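A.B. asks: Below is the file final37.txt, which contains compact mmCIF, C-alpha atoms and all ligand atoms.
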```
# COMPACT_ATOMS: atom_id res chain seq x y z
CA MET X 21 79.75 -31.75 211.69
CA THR X 22 83.44 -32.51 211.35
CA LEU X 23 84.91 -33.93 214.54
CA SER X 24 88.54 -34.27 215.45
CA TYR X 25 90.74 -35.97 218.03
CA TYR X 26 94.45 -36.45 218.56
CA CYS X 27 95.92 -39.93 218.15
CA LYS X 28 97.52 -41.19 221.36
CA SER X 29 100.41 -42.96 219.69
CA CYS X 30 101.47 -40.50 216.97
CA ALA X 31 99.71 -37.26 218.10
CA VAL X 32 98.33 -36.60 214.62
CA LYS X 33 94.97 -34.92 214.41
CA ASN X 34 92.31 -37.20 212.95
CA PHE X 35 89.08 -35.99 211.38
CA PHE X 36 85.81 -37.68 210.72
CA LYS X 37 82.35 -36.58 209.68
CA THR X 38 79.02 -37.12 211.36
CA LYS X 39 75.43 -36.02 210.81
CA ALA X 40 75.07 -35.35 214.54
CA THR X 41 74.99 -31.70 215.60
CA ASN X 42 75.66 -32.38 219.28
CA ARG X 43 77.14 -35.07 221.51
CA PHE X 44 73.72 -36.52 222.41
CA GLU X 45 72.94 -37.10 218.75
CA LEU X 46 76.37 -38.58 218.21
CA GLN X 47 75.81 -40.93 221.14
CA GLN X 48 72.55 -42.08 219.56
CA GLU X 49 74.17 -42.42 216.14
CA LEU X 50 76.98 -44.56 217.54
CA GLY X 51 74.84 -46.41 220.03
CA ALA X 52 77.78 -46.10 222.40
CA ASP X 53 79.68 -43.55 224.49
CA GLU X 54 82.90 -44.16 222.64
CA ILE X 55 84.17 -44.18 219.10
CA ASN X 56 86.44 -46.94 217.95
CA ARG X 57 88.54 -45.63 215.10
CA ARG X 58 91.75 -46.38 213.28
CA CYS X 59 94.22 -43.51 213.08
CA ASP X 60 94.51 -42.20 209.50
CA TYR X 61 98.22 -41.80 209.93
CA CYS X 62 99.66 -44.69 211.99
CA GLY X 63 96.75 -47.14 211.89
CA ASN X 64 96.53 -47.41 215.65
CA ILE X 65 93.00 -48.35 216.74
CA GLU X 66 91.81 -46.58 219.83
CA LYS X 67 88.67 -45.87 221.76
CA ARG X 68 87.75 -42.27 222.39
CA HIS X 69 84.98 -41.01 224.64
CA ILE X 70 82.50 -38.74 222.86
CA ASN X 71 83.33 -35.91 225.27
CA ARG X 72 86.95 -36.02 224.12
CA LEU X 73 86.02 -35.27 220.50
CA THR X 74 86.19 -31.69 219.30
CA ALA X 75 83.96 -30.23 216.60
CA GLN X 76 85.50 -28.19 213.80
CA PRO X 77 83.65 -25.42 212.03
CA ASN X 78 82.47 -26.53 208.59
CA LYS X 79 85.37 -25.47 206.34
CA THR X 80 83.48 -25.74 203.05
CA LEU X 81 80.76 -23.49 204.44
CA MET X 82 83.33 -20.99 205.71
CA ILE X 83 85.22 -20.87 202.40
CA LEU X 84 81.90 -20.61 200.57
CA SER X 85 80.86 -17.66 202.73
CA VAL X 86 84.14 -15.84 202.07
CA VAL X 87 83.82 -16.46 198.31
CA LEU X 88 80.19 -15.27 198.44
CA ALA X 89 81.21 -12.12 200.31
CA ILE X 90 83.87 -11.31 197.69
CA LEU X 91 81.47 -12.03 194.82
CA LEU X 92 78.74 -9.90 196.36
CA THR X 93 81.11 -7.02 197.06
CA THR X 94 82.22 -7.07 193.40
CA THR X 95 78.59 -7.17 192.29
CA ILE X 96 77.74 -4.23 194.54
CA PHE X 97 80.68 -2.30 193.09
CA MET X 98 79.73 -3.15 189.51
CA PHE X 99 76.05 -2.36 189.75
CA GLY X 100 76.31 0.25 192.41
CA PHE X 101 73.31 -0.82 194.46
CA ILE X 102 73.24 -1.09 198.23
CA ALA X 103 72.58 -4.61 199.40
CA ALA X 104 73.55 -4.62 203.04
CA LEU X 105 71.45 -7.67 203.78
CA THR X 106 72.90 -9.79 200.99
CA PHE X 107 76.32 -8.75 202.17
CA THR X 108 75.74 -9.75 205.80
CA PHE X 109 74.39 -13.16 204.82
CA PRO X 110 77.80 -14.76 204.06
CA ILE X 111 79.20 -13.29 207.26
CA TRP X 112 76.28 -14.79 209.14
CA LEU X 113 77.03 -18.16 207.49
CA PHE X 114 80.63 -17.87 208.64
CA PHE X 115 79.71 -17.21 212.26
CA ASP X 116 76.96 -19.81 212.22
CA ALA X 117 79.48 -22.52 211.28
CA GLN X 118 81.65 -21.47 214.20
CA LYS X 119 78.69 -21.22 216.58
CA ARG X 120 77.49 -24.72 215.76
CA ALA X 121 80.95 -26.16 216.39
CA SER X 122 81.29 -24.36 219.73
CA LEU X 123 77.79 -25.49 220.75
CA PHE X 124 78.84 -29.06 220.07
CA ASN X 125 81.96 -28.59 222.17
CA LYS X 126 80.03 -27.12 225.09
CA THR X 127 77.52 -29.92 225.62
CA MET X 128 78.88 -33.00 227.28
CA ILE X 129 77.13 -36.33 227.70
CA ARG X 130 76.88 -37.92 231.10
CA ARG X 131 79.73 -40.35 231.73
CA ARG X 132 78.66 -43.79 232.82
ZN ZN X 201 98.23 -42.28 214.97
```
Would you mind writing the file's structure down as structure tokens?
Ligand SMILES: [Zn+2]

C.D. replies:
Amino acid sequence: MTLSYYCKSCAVKNFFKTKATNRFELQQELGADEINRRCDYCGNIEKRHINRLTAQPNKTLMILSVVLAILLTTTIFMFGFIAALTFTFPIWLFFDAQKRASLFNKTMIRRR
């Protein structure tokens, strides 16, 4: 999952990657309720509560699904066979990436 937050001092959006698929997993991964990161742009170090981080849909997966959809459509046109299922798969991938990000954003951890 790619997570993002806005830097308090320069308002630039920062991104970072995690294996966690929800905030509970992220909390376990960090062993804390907050992240302590340096801004990629201004270098300002700040603490951010996990609940303030926003998940982004996996871009690589989304681009891949679009490319797959185009490739499959061309294949279908070239060979002339109906493959509705193969065609819906990339679209499913696209929505799945969005769904996982929104699921992450919906679940909050309990604030201590
Ligand atoms: Zn900054």

A.B. asks: Which residues, written as a list of chain:residue names, have at least one atom at most 12 Å from range 109-116 of chain X, with only C-alpha atoms counted and residues fewer than 6 positions away on the same chain left out?

C.D. replies: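 Residues meeting the cut-off are X:Pro77, X:Asn78, X:Lys79, X:Thr80, X:Leu81, X:Met82, X:Ile83, X:Leu84, X:Ser85, X:Val86, X:Val87, X:Leu88, X:Ala89, X:Ile90, X:Leu91, X:Leu92, X:Thr93, X:Ala103, X:Ser122, X:Leu123.
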
A.B. asks: For the atom pair CA of Thr127 in chain X and CA of Gln48 in chain X, what is the interatomic distance in Å to one decimal place?

C.D. replies: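 About the pair CA of Thr127 in chain X and CA of Gln48 in chain X: they are 14.5 Å apart.
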
A.B. asks: What's around range 55-65 of chain X at 12 Å? Count only C-alpha atoms, leave out sequence neighbours fewer than 5 positions away in its own chain, and write the answer as a list of chain:residue names.

C.D. replies: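 Answer for this query is X:Leu23, X:Ser24, X:Tyr25, X:Tyr26, X:Cys27, X:Lys28, X:Ser29, X:Cys30, X:Ala31, X:Val32, X:Lys33, X:Asn34, X:Phe35, X:Phe36, X:Thr38, X:Arg43, X:Leu46, X:Gln47, X:Gln48, X:Glu49, X:Leu50, X:Ile70, X:Asn71, X:Arg72, X:Leu73.
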
A.B. asks: Under the rule that all atoms listed in the file are counted, which of X:Ala75, X:Phe124, X:Glu66, X:Thr95 is the nearest residue to ligand ZN 201 (chain X)?

C.D. replies: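 Checking each of X:Ala75, X:Phe124, X:Glu66, X:Thr95 against ligand ZN 201 (chain X), counting all atoms listed in the file, the winner is X:Glu66.
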
A.B. asks: How big is the axis-aligned box around all listed atoms of range 79-91 of chain X once 4 Å goes on each side, and where's its centre, in Å to one decimal, as JSON?

C.D. replies:
```
{"center_x": 82.8, "center_y": -18.5, "center_z": 200.6, "size_x": 13.2, "size_y": 22.4, "size_z": 19.5}
```
